[in-house]
Structure formats: structure tokens, C-alpha cells
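> Before anything else, here's the structure in question.
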Amino acid sequence: MKRELGWMLCGTMLINLLSGCGGGSDAAGGESATSGTEGAIKIGYFGPLTGGTAQAGQAALNGVQIAVNELNESGGILGRQVEIVSYDDKSSPEEAVKAATKLVQVNKVNAIFGSLHSANVQAAGPVIEESQTLCVAGGTSPTWLEQGYTYLFRSISNSTVSAKQLARYANDQGYHKIALFTSNDEYGTSGADGFKSACADYNIEFVANETMTNGDRDFTGQFAKITAAVPDAVFIWCLGDDLGAVTKQMRQSGFSGPILGSESYTLPEILQNAGDAANGVCFAAQYLVYENPEDAEDQNMKTFLEAYLEEFGAAPASDNAFRAYDGVKMIAEAMETSGVDHGAELREAYNNIDGYVGLAGTFSYKGKNGEGIDSMRIFEIKDGKYIEAE
């Protein structure tokens, strides 16, 4: 098994420094004001609750809360109520190791949902594996499930699935000259690599390859090179918090053609920030972020959104709410099936989930090394609205 021993050592040595890592289920990361009942099932969460991706992280924590509300209202798990213990990983791999270490060593949670960032999941992997704690995460990079870990699972398709869908779509549309623009982190790099690999089956040439750092807002130099290459389409893969500015500047640079993007384009704020510049964007996703529950055709999604609106007063700011909800509900499914709340038997029960219907679709984990779903659809943004492209 490949393990990042440096991170494991870091997580163990830093256990006494974890007081700076917030807990509880509030956005600021402070300790929860209410404690669970005696013998409660503890679901841990770590994800970004401050910084540039805080909205996505809070949406995920809210999704965990909706799942826990439903479970408690129906009698809990194994006849015990469920409580949440949450920490802010600040979008940092080092903070993720601290958070995971405290969850498993101090709080002794039964299972975990987190993180949203693939690099953070990978960094925390050794701590989670060593403690034999089931962890379901929402990061889409395939890398962290290729390290040999047996206690890590994913509650959404990985980026390879969307890359294959987009490559096939690009070929069908006759886009044979494509420029790449991606973030220079694990998310962007794995997305670009997956897309390039998927395009090997088609007559597609990459005419430019530019990158950015998360949080940048000036892409003049990169976009000048891309427009000079005269691509048929541009592949953009970066975090949702950056996509509005990236898309808008891409259009301002003079490129008016199709944009192929990640599932992050489901974020409603991108349409607000990019405006008409988002028209012509195509992306692969398993669901959309609906502001009105009545717009959802799937009854499970409609029910979830109604509960979310009632609890938080607004629609989710990110589809990470859906990923977290599915993850926690499947953790509960595995606990009920196995009759245990921790360890190898629980892991095996989760690994044997087959035919579970969640918000993303139908999950089957058997023999897939932590992957549970591999179906997506292509959506296009047209006249400021999402439409199904195929």
C-alpha cells in the first residue's frame, strides 16, 4: 500500500497543536454549543469553512446536517442519535491532516465526510487508514483512490468520467483544436491529464496549455496565447470560486467559441458573475444546483432541496451539499446493514453497497476501489440557463 508517511507523521506529531483547528458545525469552526446524547453516533466533517472555497465547504456541511436531521427524525442509526463534529481545513493539506487527526484520535468519530479538496483527502489518507475510520469524500481527482487506501470512498464520479464525456462530446462536435486552461493544483492538473488521456481516442490536437493559481484575477498573458492559437474550443478546469472571473476574461480576450468545463459550472454564482460570458459553456455533471425545488425533475432531489430551504433559508451555494448528503446517507446504510459503527466490518459493508439510489444516481461500489458511480450528462449554458446538451 502506498502511503504518504510524512503526512501521517505530521498528523501524529501535531496532535497537541490542534487547538487552532475549529470544531462544531458552525461556519466559523467554533465548538458546537450542543453535545450529543450518550452513545451517539459521531459523524466527522472536515472541509473549507473559511477562505476562498468557504461557500462550497459550508454547503457540504449543510448537506451533512440535512442527512443527520433526517436520520435522527427516523430514529437515528442503530437506534442511536447522530451528531456532527466539524473542522475547518482551510483548503490546506496540512490543516486537513490536523483536522482528520483530531477527529479520529480526540473526538473518536465513527465515520467521516470530507474533504472537498482532493489534495486534502490525499494528505489525510494515512491518518484515516491507520485509524480504520470509514471516510467518504467529495473531491473528484482520481488520484487519492489510486494510492491503495481501503477506508476512503467517493460520493460522486471522479474527473476521469467527466473528461471522457467531454472528450466524446468535443469529437462529436468537431472540436479538433483545443486549448487547455487549468489551475496548477491537484484538481486542475488531474482534470487536464484525464481530458488529454480521453482525447487520445480521437483526432484532437492541443494547441495551447496555460495554467493559473487559485485566487488569481489577471489572466491577460495566458489568454493572449490561447486566442493566438485559434482553438476550436477551450478546456477550462479550475475551482468554482475562480470560474466566474476566468470565464468573463476568456470572453473579453476575444474568444467567443465553446468552452468545455468542469462540474463546478453548476454553481449559480458563476452565472451571476460571468453573465452572458457563460453562454456557450458545456460541462459534464450528475446534477444541477436548483434554486427552486420545483425545477428538479427527480423526486429525491426535490425533497432534499425543500428540506434544505426550510433549514437554511436559501438554496445550496454548491453541489457539494448533494455530495455530502449522499455520503452520509450511505454511511448510515452501511452501519445499518453491518450492525457496527466502526472498523473493517463497516468498511466492507460500505464497499458492498450496490443499487443505492442517491441524489447523484445509482451507486455501486463492489470491486471499484472506492468509486461508486460513473454516469454523467452533458449540460450547456444558453441564454443564462442550463439545458441538456445530449
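Residues in the C-alpha cells are named by chain (A, B, ... in the order shown) and by number from 1 within that chain; ligands are numbered from 1 in the order shown.
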Near region 260-267 of chain A, counting only C-alpha atoms, which residues have an atom at most 10 Å away, once you skip same-chain residues fewer than 3 positions from it, shown as a PyMOL selection string?
chain A and resi 56+140+159+162-163+166-167+169-170+178-182+188+191+233-244+247+257+270-272+278+280-290+316-320+376+378-381+386
> Could you give me, as a ChimeraX atom specification, each residue of region 125-272 of chain A that DSSP assigns to strand (DSSP E) when run on this structure's backbone?
/A:134-137,152-154,177-183,205-212,233-237,259-261
> Residues at most 6 Å from Ser115 (chain A), counting only C-alpha atoms, excluding those fewer than 2 positions away in the same chain, as a PyMOL selection string?
chain A and resi 46-47+117+121+137
> Quick one: residues within 12 Å of Gly327 (chain A), only C-alpha atoms, excluding same-chain residues fewer than 2 positions away - as an NGL selection string?
:A and (43-45 or 60-61 or 63-68 or 111-116 or 134-139 or 152-156 or 320-325 or 329-334 or 350 or 353 or 356-360 or 363 or 370-372)
> Considering only C-alpha atoms, state which residue in the set A:Glu129, A:Asp276, A:Asp232, A:Asp374 is at the smallest distance from Pro258 (chain A).
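Among A:Glu129, A:Asp276, A:Asp232, A:Asp374, it is A:Asp232 that comes nearest to Pro258 (chain A).
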> What's around region 39-42 of chain A at 6 Å? Count only C-alpha atoms, leave out sequence neighbours fewer than 3 positions away in its own chain, and write the answer as a list in words.
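Near region 39-42 of chain A, the qualifying residues are Gly36, Arg80, Gln81, Val82, Glu83, Ile84, Val109 and Asn110 of chain A.
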